[in-house]
Structures are given as structure tokens and as C-alpha cells.
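Q: Provided herewith: run-v3.pdb, PDB, C-alpha atoms and all ligand atoms.
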```pdb
ATOM      1  CA  MET U   1     -53.397  32.509 -28.130
ATOM      2  CA  THR U   2     -52.492  29.121 -29.610
ATOM      3  CA  GLU U   3     -52.452  28.662 -33.384
ATOM      4  CA  LEU U   4     -53.794  25.428 -34.869
ATOM      5  CA  GLU U   5     -52.430  24.531 -38.313
ATOM      6  CA  VAL U   6     -52.796  21.695 -40.793
ATOM      7  CA  ILE U   7     -49.976  20.773 -43.142
ATOM      8  CA  GLN U   8     -49.316  17.875 -45.468
ATOM      9  CA  GLY U   9     -45.864  16.323 -45.350
ATOM     10  CA  ASP U  10     -43.231  14.373 -43.457
ATOM     11  CA  ILE U  11     -43.189  15.089 -39.721
ATOM     12  CA  THR U  12     -39.490  14.158 -39.456
ATOM     13  CA  ALA U  13     -38.549  17.268 -41.485
ATOM     14  CA  LEU U  14     -40.095  19.771 -39.068
ATOM     15  CA  ALA U  15     -37.936  22.056 -36.926
ATOM     16  CA  VAL U  16     -40.626  22.555 -34.267
ATOM     17  CA  ASP U  17     -39.874  22.190 -30.543
ATOM     18  CA  VAL U  18     -41.349  18.696 -30.343
ATOM     19  CA  ILE U  19     -42.806  16.119 -32.714
ATOM     20  CA  VAL U  20     -45.116  13.363 -31.544
ATOM     21  CA  ASN U  21     -44.482   9.742 -32.505
ATOM     22  CA  ALA U  22     -47.322   7.235 -32.966
ATOM     23  CA  ALA U  23     -45.418   4.460 -31.197
ATOM     24  CA  ASN U  24     -46.421   1.035 -29.897
ATOM     25  CA  SER U  25     -46.395  -0.003 -26.252
ATOM     26  CA  THR U  26     -42.948  -1.637 -26.463
ATOM     27  CA  LEU U  27     -41.427   1.762 -27.480
ATOM     28  CA  LEU U  28     -38.937  -0.237 -29.531
ATOM     29  CA  GLY U  29     -39.820   1.138 -32.955
ATOM     30  CA  GLY U  30     -41.945  -0.161 -35.803
ATOM     31  CA  GLY U  31     -43.220   0.879 -39.228
ATOM     32  CA  GLY U  32     -45.115   3.967 -40.387
ATOM     33  CA  VAL U  33     -44.269   7.262 -38.739
ATOM     34  CA  ASP U  34     -42.485   5.424 -35.900
ATOM     35  CA  GLY U  35     -40.059   3.811 -38.360
ATOM     36  CA  ALA U  36     -39.492   7.134 -40.142
ATOM     37  CA  ILE U  37     -38.745   8.943 -36.852
ATOM     38  CA  HIS U  38     -36.288   6.290 -35.653
ATOM     39  CA  ARG U  39     -34.508   6.197 -39.039
ATOM     40  CA  ALA U  40     -34.130   9.975 -39.109
ATOM     41  CA  ALA U  41     -33.134  10.326 -35.432
ATOM     42  CA  GLY U  42     -30.480   7.583 -35.511
ATOM     43  CA  PRO U  43     -29.748   4.702 -33.119
ATOM     44  CA  GLU U  44     -29.426   6.845 -29.975
ATOM     45  CA  LEU U  45     -33.198   7.334 -29.995
ATOM     46  CA  LEU U  46     -33.780   3.587 -29.824
ATOM     47  CA  ALA U  47     -31.259   3.316 -26.983
ATOM     48  CA  GLU U  48     -33.114   5.963 -24.953
ATOM     49  CA  CYS U  49     -36.475   4.283 -25.695
ATOM     50  CA  GLN U  50     -35.041   0.910 -24.623
ATOM     51  CA  ASN U  51     -33.929   2.467 -21.374
ATOM     52  CA  ILE U  52     -37.410   3.893 -20.685
ATOM     53  CA  ALA U  53     -39.018   0.564 -21.644
ATOM     54  CA  GLU U  54     -36.754  -1.331 -19.226
ATOM     55  CA  ARG U  55     -37.452   1.070 -16.356
ATOM     56  CA  HIS U  56     -41.193   1.477 -16.910
ATOM     57  CA  GLY U  57     -42.201  -1.683 -18.787
ATOM     58  CA  GLY U  58     -43.059   0.160 -21.999
ATOM     59  CA  CYS U  59     -45.923   2.611 -22.425
ATOM     60  CA  PRO U  60     -49.623   1.699 -22.329
ATOM     61  CA  ALA U  61     -52.145   2.982 -24.894
ATOM     62  CA  GLY U  62     -53.225   6.551 -24.126
ATOM     63  CA  GLU U  63     -49.974   7.460 -22.323
ATOM     64  CA  ALA U  64     -46.975   9.538 -23.469
ATOM     65  CA  VAL U  65     -43.230   9.721 -22.712
ATOM     66  CA  ILE U  66     -40.581  12.195 -23.881
ATOM     67  CA  THR U  67     -37.046  11.702 -25.245
ATOM     68  CA  GLY U  68     -34.318  13.609 -27.031
ATOM     69  CA  ALA U  69     -34.483  14.086 -30.802
ATOM     70  CA  TYR U  70     -30.843  13.311 -31.733
ATOM     71  CA  LYS U  71     -30.376  13.824 -35.519
ATOM     72  CA  LEU U  72     -33.911  15.174 -36.067
ATOM     73  CA  PRO U  73     -34.311  18.939 -36.618
ATOM     74  CA  CYS U  74     -36.836  19.226 -33.740
ATOM     75  CA  LYS U  75     -35.685  19.492 -30.102
ATOM     76  CA  ARG U  76     -37.579  16.609 -28.470
ATOM     77  CA  VAL U  77     -39.825  13.661 -29.351
ATOM     78  CA  ILE U  78     -42.966  12.651 -27.443
ATOM     79  CA  HIS U  79     -43.866   8.996 -27.934
ATOM     80  CA  THR U  80     -47.526   8.209 -27.436
ATOM     81  CA  VAL U  81     -49.353   4.940 -28.036
ATOM     82  CA  GLY U  82     -52.660   5.126 -29.851
ATOM     83  CA  PRO U  83     -55.400   2.526 -29.504
ATOM     84  CA  ILE U  84     -55.728  -0.305 -32.013
ATOM     85  CA  TRP U  85     -59.171   0.033 -33.639
ATOM     86  CA  ARG U  86     -61.349  -2.889 -32.508
ATOM     87  CA  GLY U  87     -64.708  -1.662 -33.785
ATOM     88  CA  GLY U  88     -65.203   1.294 -31.447
ATOM     89  CA  GLY U  89     -66.395  -0.427 -28.279
ATOM     90  CA  ALA U  90     -63.005  -0.808 -26.619
ATOM     91  CA  ARG U  91     -62.550   2.779 -25.315
ATOM     92  CA  GLU U  92     -60.839   3.775 -28.561
ATOM     93  CA  PRO U  93     -62.042   7.439 -28.563
ATOM     94  CA  GLU U  94     -61.087   7.896 -24.898
ATOM     95  CA  LEU U  95     -57.624   6.408 -25.471
ATOM     96  CA  LEU U  96     -57.021   8.388 -28.664
ATOM     97  CA  GLY U  97     -58.085  11.621 -26.945
ATOM     98  CA  SER U  98     -55.777  10.791 -24.062
ATOM     99  CA  CYS U  99     -52.803  10.549 -26.491
ATOM    100  CA  TYR U 100     -53.370  14.112 -27.680
ATOM    101  CA  ARG U 101     -54.147  15.539 -24.219
ATOM    102  CA  LYS U 102     -51.227  13.885 -22.409
ATOM    103  CA  SER U 103     -48.787  14.834 -25.175
ATOM    104  CA  LEU U 104     -49.845  18.477 -24.898
ATOM    105  CA  ILE U 105     -49.603  18.495 -21.108
ATOM    106  CA  LEU U 106     -46.155  16.879 -21.248
ATOM    107  CA  ALA U 107     -44.970  19.436 -23.828
ATOM    108  CA  GLN U 108     -46.248  22.306 -21.680
ATOM    109  CA  LYS U 109     -44.546  20.857 -18.589
ATOM    110  CA  GLU U 110     -41.239  20.678 -20.508
ATOM    111  CA  GLY U 111     -41.514  24.327 -21.601
ATOM    112  CA  LEU U 112     -41.974  23.480 -25.292
ATOM    113  CA  GLU U 113     -43.893  26.010 -27.383
ATOM    114  CA  SER U 114     -44.536  24.307 -30.724
ATOM    115  CA  ILE U 115     -45.713  20.741 -31.251
ATOM    116  CA  ALA U 116     -46.490  18.639 -34.336
ATOM    117  CA  PHE U 117     -48.823  15.646 -34.257
ATOM    118  CA  PRO U 118     -49.179  12.873 -36.842
ATOM    119  CA  ASN U 119     -52.625  11.320 -37.389
ATOM    120  CA  ILE U 120     -52.261   8.866 -34.509
ATOM    121  CA  SER U 121     -53.768   5.361 -34.961
ATOM    122  CA  THR U 122     -54.982   6.015 -38.531
ATOM    123  CA  GLY U 123     -52.330   3.845 -40.218
ATOM    124  CA  VAL U 124     -51.402   0.337 -39.064
ATOM    125  CA  TYR U 125     -53.791   0.621 -36.077
ATOM    126  CA  GLY U 126     -56.790   1.016 -38.406
ATOM    127  CA  TYR U 127     -58.708   3.828 -36.669
ATOM    128  CA  PRO U 128     -61.217   5.262 -39.164
ATOM    129  CA  LYS U 129     -59.823   8.596 -40.334
ATOM    130  CA  THR U 130     -63.243  10.285 -40.346
ATOM    131  CA  LEU U 131     -63.659   9.486 -36.641
ATOM    132  CA  ALA U 132     -60.052  10.053 -35.537
ATOM    133  CA  VAL U 133     -59.985  13.611 -36.875
ATOM    134  CA  LYS U 134     -62.990  14.579 -34.737
ATOM    135  CA  THR U 135     -61.483  13.202 -31.526
ATOM    136  CA  ALA U 136     -58.087  14.759 -32.304
ATOM    137  CA  VAL U 137     -59.385  18.256 -33.015
ATOM    138  CA  GLN U 138     -62.015  18.284 -30.243
ATOM    139  CA  THR U 139     -59.518  17.046 -27.649
ATOM    140  CA  VAL U 140     -56.867  19.581 -28.639
ATOM    141  CA  LYS U 141     -59.376  22.466 -28.592
ATOM    142  CA  ALA U 142     -60.689  21.387 -25.186
ATOM    143  CA  ALA U 143     -57.138  21.232 -23.793
ATOM    144  CA  LEU U 144     -56.151  24.762 -24.877
ATOM    145  CA  PRO U 145     -57.006  26.513 -21.571
ATOM    146  CA  ALA U 146     -54.677  24.106 -19.745
ATOM    147  CA  ILE U 147     -51.688  24.687 -22.064
ATOM    148  CA  PRO U 148     -51.118  28.461 -22.334
ATOM    149  CA  GLY U 149     -47.374  27.958 -22.918
ATOM    150  CA  ILE U 150     -47.953  26.195 -26.243
ATOM    151  CA  LYS U 151     -48.136  28.721 -29.072
ATOM    152  CA  ARG U 152     -48.340  26.486 -32.176
ATOM    153  CA  ILE U 153     -49.987  23.111 -32.722
ATOM    154  CA  LEU U 154     -49.525  21.452 -36.109
ATOM    155  CA  PHE U 155     -51.544  18.523 -37.432
ATOM    156  CA  VAL U 156     -49.211  16.866 -39.916
ATOM    157  CA  CYS U 157     -51.057  14.806 -42.498
ATOM    158  CA  PHE U 158     -49.113  12.360 -44.627
ATOM    159  CA  ASP U 159     -51.961  11.443 -46.936
ATOM    160  CA  GLN U 160     -54.368  13.586 -48.935
ATOM    161  CA  GLU U 161     -57.450  12.065 -47.263
ATOM    162  CA  ASN U 162     -56.388  13.117 -43.768
ATOM    163  CA  TYR U 163     -55.299  16.521 -45.056
ATOM    164  CA  ALA U 164     -58.774  17.135 -46.520
ATOM    165  CA  LEU U 165     -60.493  15.880 -43.342
ATOM    166  CA  TYR U 166     -58.389  18.080 -41.029
ATOM    167  CA  THR U 167     -58.764  21.140 -43.237
ATOM    168  CA  ALA U 168     -62.542  20.706 -43.182
ATOM    169  CA  GLU U 169     -62.681  20.008 -39.430
ATOM    170  CA  LEU U 170     -60.634  23.070 -38.528
ATOM    171  CA  THR U 171     -62.619  25.449 -40.700
ATOM    172  CA  ILE U 172     -65.955  24.530 -39.062
TER     173      ILE U 172
HETATM  174  N1  LIG R 201     -44.825  11.865 -41.305
HETATM  175  C1  LIG R 201     -46.101  12.094 -40.929
HETATM  176  N2  LIG R 201     -47.048  11.142 -40.923
HETATM  177  C2  LIG R 201     -46.681   9.895 -41.307
HETATM  178  C3  LIG R 201     -45.355   9.569 -41.697
HETATM  179  C4  LIG R 201     -44.410  10.619 -41.680
HETATM  180  N3  LIG R 201     -43.127  10.422 -42.040
HETATM  181  N4  LIG R 201     -45.322   8.245 -42.022
HETATM  182  C5  LIG R 201     -46.573   7.769 -41.857
HETATM  183  N5  LIG R 201     -47.397   8.765 -41.428
HETATM  184  P1  LIG R 201     -48.865   4.693 -38.399
HETATM  185  P2  LIG R 201     -50.535   3.977 -36.067
HETATM  186  C6  LIG R 201     -48.828   8.725 -41.097
HETATM  187  O1  LIG R 201     -49.144   3.398 -39.069
HETATM  188  O2  LIG R 201     -51.719   3.764 -36.943
HETATM  189  C7  LIG R 201     -46.032   1.491 -36.098
HETATM  190  O3  LIG R 201     -45.490   0.305 -36.594
HETATM  191  C8  LIG R 201     -49.673   7.625 -41.677
HETATM  192  O4  LIG R 201     -50.043   7.920 -43.029
HETATM  193  O5  LIG R 201     -47.501   5.244 -38.439
HETATM  194  O6  LIG R 201     -50.698   4.794 -34.816
HETATM  195  C9  LIG R 201     -45.891   1.624 -34.587
HETATM  196  O7  LIG R 201     -44.695   1.047 -34.109
HETATM  197  C10 LIG R 201     -50.877   7.626 -40.755
HETATM  198  O8  LIG R 201     -51.827   8.608 -41.165
HETATM  199  O9  LIG R 201     -49.271   4.646 -36.826
HETATM  200  C11 LIG R 201     -47.100   0.899 -34.076
HETATM  201  O10 LIG R 201     -46.872  -0.498 -34.012
HETATM  202  C12 LIG R 201     -50.282   8.075 -39.411
HETATM  203  O11 LIG R 201     -48.959   8.533 -39.699
HETATM  204  C13 LIG R 201     -48.142   1.192 -35.120
HETATM  205  O12 LIG R 201     -47.443   1.466 -36.337
HETATM  206  C14 LIG R 201     -50.213   6.981 -38.381
HETATM  207  O13 LIG R 201     -49.880   5.758 -39.011
HETATM  208  C15 LIG R 201     -48.951   2.408 -34.765
HETATM  209  O14 LIG R 201     -49.988   2.546 -35.697
END
```
Kindly present the structure from the file in C-alpha cells form.
Ligand code: AR6

A:
Amino acid sequence: MTELEVIQGDITALAVDVIVNAANSTLLGGGGVDGAIHRAAGPELLAECQNIAERHGGCPAGEAVITGAYKLPCKRVIHTVGPIWRGGGAREPELLGSCYRKSLILAQKEGLESIAFPNISTGVYGYPKTLAVKTAVQTVKAALPAIPGIKRILFVCFDQENYALYTAELTI
């Protein structure tokens, strides 16, 4: 049985097995949650991301890669790249769903039991929060049979609007 939880707060403070970063395809850091994660983890995280970027040419939207967590209280970090919102006709829901699904499958493969997600794409990338929450929750629920090793999934909302949307979506 996997527990789904919603909390409001800073994802960098969580001592779960793995936190997910809403990165960009260069993997070289940025603003928002990406900036917060890199600041809290320290420069070794950027060095590992640079190494992955050099070997694999970055990370396309909808994909996920895993690194160490360095100074963060969690054990690992999964970096996934959400879609930039372009009006909804550019495979945005498919790509956003893929971020959640591939992150969960990667966590399961690495033997990680608790995972925390930020609200991917709903900041700088402009994905409407009311739509993103539906794709996030539906995708995670649909993936549950494939990830029996994951016991806890947290949706970490930074802002009140997302917190209210996730709370409502998960109590349906
Ligand atoms: N903890 C949890 N959530 C946070 C935190 C935090 N410390 N800080 C911000 N959020 P964004 P995106 C929320 O913009 O839309 C970066 O520059 C925030 O309120 O971080 O996927 C990357 O490098 C929002 O709800 O990511 C990319 O270039 C959510 O995290 C680009 O932004 C996602 O907002 C990715 O854009």
C-alpha cells in the first residue's frame, strides 16, 4: 500500500529517500526549486549534473536522471524536465505525466521507498496549476501497480494555490 500525501513547504528540507527536481534540459541549474536544490546541496551536485550532461547531452522534457544529494537531508535527487506550457497543443500533458511516471519508476529501480515531488512546470514553465494537478495525481495513481516498492509519495506545494488544488484533488 502506497500513501499519497500533500504538504506545503520547502522540498529541500525533507529527509525522504529522494526528492524530485524540476530541472531544465541542460541540467545545469536555474531558478525556482532547481536553484533552491542546488544551493542547499552544494557545488558537488552541479559537478555531477555537468558530468551527466556531458555524457548524455542533457535531459529532454519528460525524462528523468538520478544523482546524489550531497548536503541535502534526503538520500538522492531525481532531476526531471517538465514541459514549457505552449497553450496545450504541444504534448504538454503527455510530457508532464512522463516526468512523474519516469521519476517513480527510477526511484523504484533504485530501491527508494519515499519520494517527494514539487509541482513540476507550474512556476517558470507556466503550466496552468489547475491542469497540472490533474495530470500529476492521475499519472501517479495509474503508476501505483508498477511501483510496489514505493511506500510514500509526497506532493510538496510551495504556494497556497497548489496546496488547495492538491488537497481537493486527492480527497475526490
Ligand atoms: N520547494 C518546493 N517547491 C518549490 C520550491 C521549493 N524550495 N521553490 C519553488 N517551488 P519552478 P518549472 C515551486 O519555476 O515551472 C528553473 O529555472 C514553485 O512554486 O521551480 O518546472 C529550472 O532550471 C512551483 O510551484 O519549475 C527550469 O529552467 C514549482 O516549484 C525552470 O525553472 C515549480 O516551479 C523549470 O520551471

Q: Draw an axis-aligned box tight on the listed atoms of ligand LIG 201 (chain R), then pad every side by 5 Å and write out centre and edge lengths in Å to one decimal as AutoDock Vina command-line options.

A:
```
--center_x -47.5 --center_y 5.8 --center_z -38.5 --size_x 18.7 --size_y 22.6 --size_z 19.0
```

Q: CA of Pro148 (chain U) and atom O5 of ligand LIG 201 (chain R), how far apart in Å?

A: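 A separation of 28.5 Å between them.
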
Q: Might you pull out every residue within 9 Å of Ile84 (chain U), with all atoms listed in the file counted and same-chain residues fewer than 6 positions away left off, and present them as a PyMOL selection string?

A: chain U and resi 61+92+121+124-127

Q: Taking only C-alpha atoms and all ligand atoms into account, list the residues no farther than 6 Å from ligand LIG 201 (chain R), as a count of residues only.

A: 27

Q: Given the choices U:Leu131, U:Val20, U:Ala142, U:Val6, which gets closest to Thr80 (chain U) if the distance is worked out from all atoms listed in the file?

A: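 The answer is U:Val20, which sits nearest to Thr80 (chain U).
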
Q: Write out as a tab-separated table a residue-level contact list of region 15-123 of chain U versus region 152-155 of chain U with cut-off 12 Å: for each qualifying residue the closest pair of atoms and the distance in Å to one decimal, counting all atoms listed in the file, rows sorted by chain and residue number upward.

A:
```
residue	atom	partner	partner_atom	distance
U:Ala15	CA	U:Leu154	CA	11.6
U:Val16	CA	U:Arg152	CA	8.9
U:Asp17	CA	U:Arg152	CA	9.6
U:Val18	CA	U:Ile153	CA	10.0
U:Ile19	CA	U:Leu154	CA	9.2
U:Val20	CA	U:Phe155	CA	10.1
U:Tyr100	CA	U:Ile153	CA	10.9
U:Ser103	CA	U:Ile153	CA	11.3
U:Leu104	CA	U:Ile153	CA	9.1
U:Ala107	CA	U:Ile153	CA	10.9
U:Gln108	CA	U:Arg152	CA	11.5
U:Leu112	CA	U:Arg152	CA	9.8
U:Glu113	CA	U:Arg152	CA	6.6
U:Ser114	CA	U:Arg152	CA	4.6
U:Ile115	CA	U:Ile153	CA	5.1
U:Ala116	CA	U:Leu154	CA	4.5
U:Phe117	CA	U:Phe155	CA	5.1
U:Pro118	CA	U:Phe155	CA	6.2
U:Asn119	CA	U:Phe155	CA	7.3
U:Ile120	CA	U:Phe155	CA	10.1
```

Q: Regenerate region 3-14 of chain U at the level of all heavy atoms and dump it as a PDB file, keeping the file's coordinate frame.

A:
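Final output, saved to result09.pdb:
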```pdb
ATOM      1  N   GLU U   3     -52.070  28.857 -31.985  1.00  0.00           N
ATOM      2  CA  GLU U   3     -52.452  28.662 -33.384  1.00  0.00           C
ATOM      3  C   GLU U   3     -52.585  27.181 -33.699  1.00  0.00           C
ATOM      4  O   GLU U   3     -51.691  26.392 -33.347  1.00  0.00           O
ATOM      5  CB  GLU U   3     -51.328  29.182 -34.286  1.00  0.00           C
ATOM      6  CG  GLU U   3     -51.417  30.619 -34.679  1.00  0.00           C
ATOM      7  CD  GLU U   3     -50.250  30.956 -35.596  1.00  0.00           C
ATOM      8  OE1 GLU U   3     -50.154  30.406 -36.700  1.00  0.00           O
ATOM      9  OE2 GLU U   3     -49.397  31.750 -35.148  1.00  0.00           O
ATOM     10  N   LEU U   4     -53.637  26.805 -34.393  1.00  0.00           N
ATOM     11  CA  LEU U   4     -53.794  25.428 -34.869  1.00  0.00           C
ATOM     12  C   LEU U   4     -53.601  25.426 -36.378  1.00  0.00           C
ATOM     13  O   LEU U   4     -54.233  26.206 -37.076  1.00  0.00           O
ATOM     14  CB  LEU U   4     -55.191  24.879 -34.547  1.00  0.00           C
ATOM     15  CG  LEU U   4     -55.639  24.812 -33.098  1.00  0.00           C
ATOM     16  CD1 LEU U   4     -56.968  24.071 -32.998  1.00  0.00           C
ATOM     17  CD2 LEU U   4     -54.614  24.101 -32.248  1.00  0.00           C
ATOM     18  N   GLU U   5     -52.706  24.563 -36.877  1.00  0.00           N
ATOM     19  CA  GLU U   5     -52.430  24.531 -38.313  1.00  0.00           C
ATOM     20  C   GLU U   5     -52.496  23.111 -38.843  1.00  0.00           C
ATOM     21  O   GLU U   5     -52.191  22.169 -38.113  1.00  0.00           O
ATOM     22  CB  GLU U   5     -51.008  25.043 -38.600  1.00  0.00           C
ATOM     23  CG  GLU U   5     -50.773  26.481 -38.254  1.00  0.00           C
ATOM     24  CD  GLU U   5     -49.280  26.804 -38.275  1.00  0.00           C
ATOM     25  OE1 GLU U   5     -48.577  26.412 -39.214  1.00  0.00           O
ATOM     26  OE2 GLU U   5     -48.830  27.441 -37.310  1.00  0.00           O
ATOM     27  N   VAL U   6     -52.816  22.995 -40.118  1.00  0.00           N
ATOM     28  CA  VAL U   6     -52.796  21.695 -40.793  1.00  0.00           C
ATOM     29  C   VAL U   6     -51.780  21.777 -41.922  1.00  0.00           C
ATOM     30  O   VAL U   6     -51.797  22.738 -42.692  1.00  0.00           O
ATOM     31  CB  VAL U   6     -54.167  21.361 -41.435  1.00  0.00           C
ATOM     32  CG1 VAL U   6     -54.124  19.970 -42.064  1.00  0.00           C
ATOM     33  CG2 VAL U   6     -55.276  21.454 -40.420  1.00  0.00           C
ATOM     34  N   ILE U   7     -50.886  20.811 -41.994  1.00  0.00           N
ATOM     35  CA  ILE U   7     -49.976  20.773 -43.142  1.00  0.00           C
ATOM     36  C   ILE U   7     -49.912  19.337 -43.668  1.00  0.00           C
ATOM     37  O   ILE U   7     -50.233  18.389 -42.953  1.00  0.00           O
ATOM     38  CB  ILE U   7     -48.542  21.274 -42.821  1.00  0.00           C
ATOM     39  CG1 ILE U   7     -47.874  20.421 -41.740  1.00  0.00           C
ATOM     40  CG2 ILE U   7     -48.527  22.727 -42.402  1.00  0.00           C
ATOM     41  CD1 ILE U   7     -46.374  20.648 -41.703  1.00  0.00           C
ATOM     42  N   GLN U   8     -49.516  19.209 -44.913  1.00  0.00           N
ATOM     43  CA  GLN U   8     -49.316  17.875 -45.468  1.00  0.00           C
ATOM     44  C   GLN U   8     -47.820  17.680 -45.648  1.00  0.00           C
ATOM     45  O   GLN U   8     -47.142  18.550 -46.180  1.00  0.00           O
ATOM     46  CB  GLN U   8     -50.041  17.738 -46.813  1.00  0.00           C
ATOM     47  CG  GLN U   8     -50.054  16.289 -47.295  1.00  0.00           C
ATOM     48  CD  GLN U   8     -50.933  16.054 -48.518  1.00  0.00           C
ATOM     49  OE1 GLN U   8     -51.486  16.991 -49.095  1.00  0.00           O
ATOM     50  NE2 GLN U   8     -51.046  14.797 -48.908  1.00  0.00           N
ATOM     51  N   GLY U   9     -47.289  16.555 -45.172  1.00  0.00           N
ATOM     52  CA  GLY U   9     -45.864  16.323 -45.350  1.00  0.00           C
ATOM     53  C   GLY U   9     -45.313  15.321 -44.358  1.00  0.00           C
ATOM     54  O   GLY U   9     -46.048  14.585 -43.700  1.00  0.00           O
ATOM     55  N   ASP U  10     -43.972  15.330 -44.276  1.00  0.00           N
ATOM     56  CA  ASP U  10     -43.231  14.373 -43.457  1.00  0.00           C
ATOM     57  C   ASP U  10     -42.882  15.034 -42.118  1.00  0.00           C
ATOM     58  O   ASP U  10     -42.141  16.024 -42.080  1.00  0.00           O
ATOM     59  CB  ASP U  10     -41.956  14.002 -44.228  1.00  0.00           C
ATOM     60  CG  ASP U  10     -41.074  13.028 -43.479  1.00  0.00           C
ATOM     61  OD1 ASP U  10     -41.381  12.672 -42.322  1.00  0.00           O
ATOM     62  OD2 ASP U  10     -40.054  12.637 -44.069  1.00  0.00           O
ATOM     63  N   ILE U  11     -43.379  14.481 -41.041  1.00  0.00           N
ATOM     64  CA  ILE U  11     -43.189  15.089 -39.721  1.00  0.00           C
ATOM     65  C   ILE U  11     -41.710  15.127 -39.316  1.00  0.00           C
ATOM     66  O   ILE U  11     -41.301  15.988 -38.534  1.00  0.00           O
ATOM     67  CB  ILE U  11     -44.058  14.356 -38.672  1.00  0.00           C
ATOM     68  CG1 ILE U  11     -44.330  15.247 -37.452  1.00  0.00           C
ATOM     69  CG2 ILE U  11     -43.451  13.016 -38.259  1.00  0.00           C
ATOM     70  CD1 ILE U  11     -45.429  14.723 -36.541  1.00  0.00           C
ATOM     71  N   THR U  12     -40.904  14.215 -39.856  1.00  0.00           N
ATOM     72  CA  THR U  12     -39.490  14.158 -39.456  1.00  0.00           C
ATOM     73  C   THR U  12     -38.702  15.378 -39.954  1.00  0.00           C
ATOM     74  O   THR U  12     -37.595  15.625 -39.484  1.00  0.00           O
ATOM     75  CB  THR U  12     -38.783  12.885 -39.962  1.00  0.00           C
ATOM     76  OG1 THR U  12     -38.738  12.905 -41.392  1.00  0.00           O
ATOM     77  CG2 THR U  12     -39.482  11.629 -39.488  1.00  0.00           C
ATOM     78  N   ALA U  13     -39.268  16.121 -40.912  1.00  0.00           N
ATOM     79  CA  ALA U  13     -38.549  17.268 -41.485  1.00  0.00           C
ATOM     80  C   ALA U  13     -38.786  18.556 -40.695  1.00  0.00           C
ATOM     81  O   ALA U  13     -38.159  19.578 -40.984  1.00  0.00           O
ATOM     82  CB  ALA U  13     -38.983  17.463 -42.936  1.00  0.00           C
ATOM     83  N   LEU U  14     -39.677  18.522 -39.710  1.00  0.00           N
ATOM     84  CA  LEU U  14     -40.095  19.771 -39.068  1.00  0.00           C
ATOM     85  C   LEU U  14     -39.177  20.216 -37.924  1.00  0.00           C
ATOM     86  O   LEU U  14     -38.882  19.447 -37.010  1.00  0.00           O
ATOM     87  CB  LEU U  14     -41.518  19.619 -38.533  1.00  0.00           C
ATOM     88  CG  LEU U  14     -42.583  19.301 -39.587  1.00  0.00           C
ATOM     89  CD1 LEU U  14     -43.950  19.191 -38.931  1.00  0.00           C
ATOM     90  CD2 LEU U  14     -42.600  20.345 -40.687  1.00  0.00           C
TER      91      LEU U  14
END
```
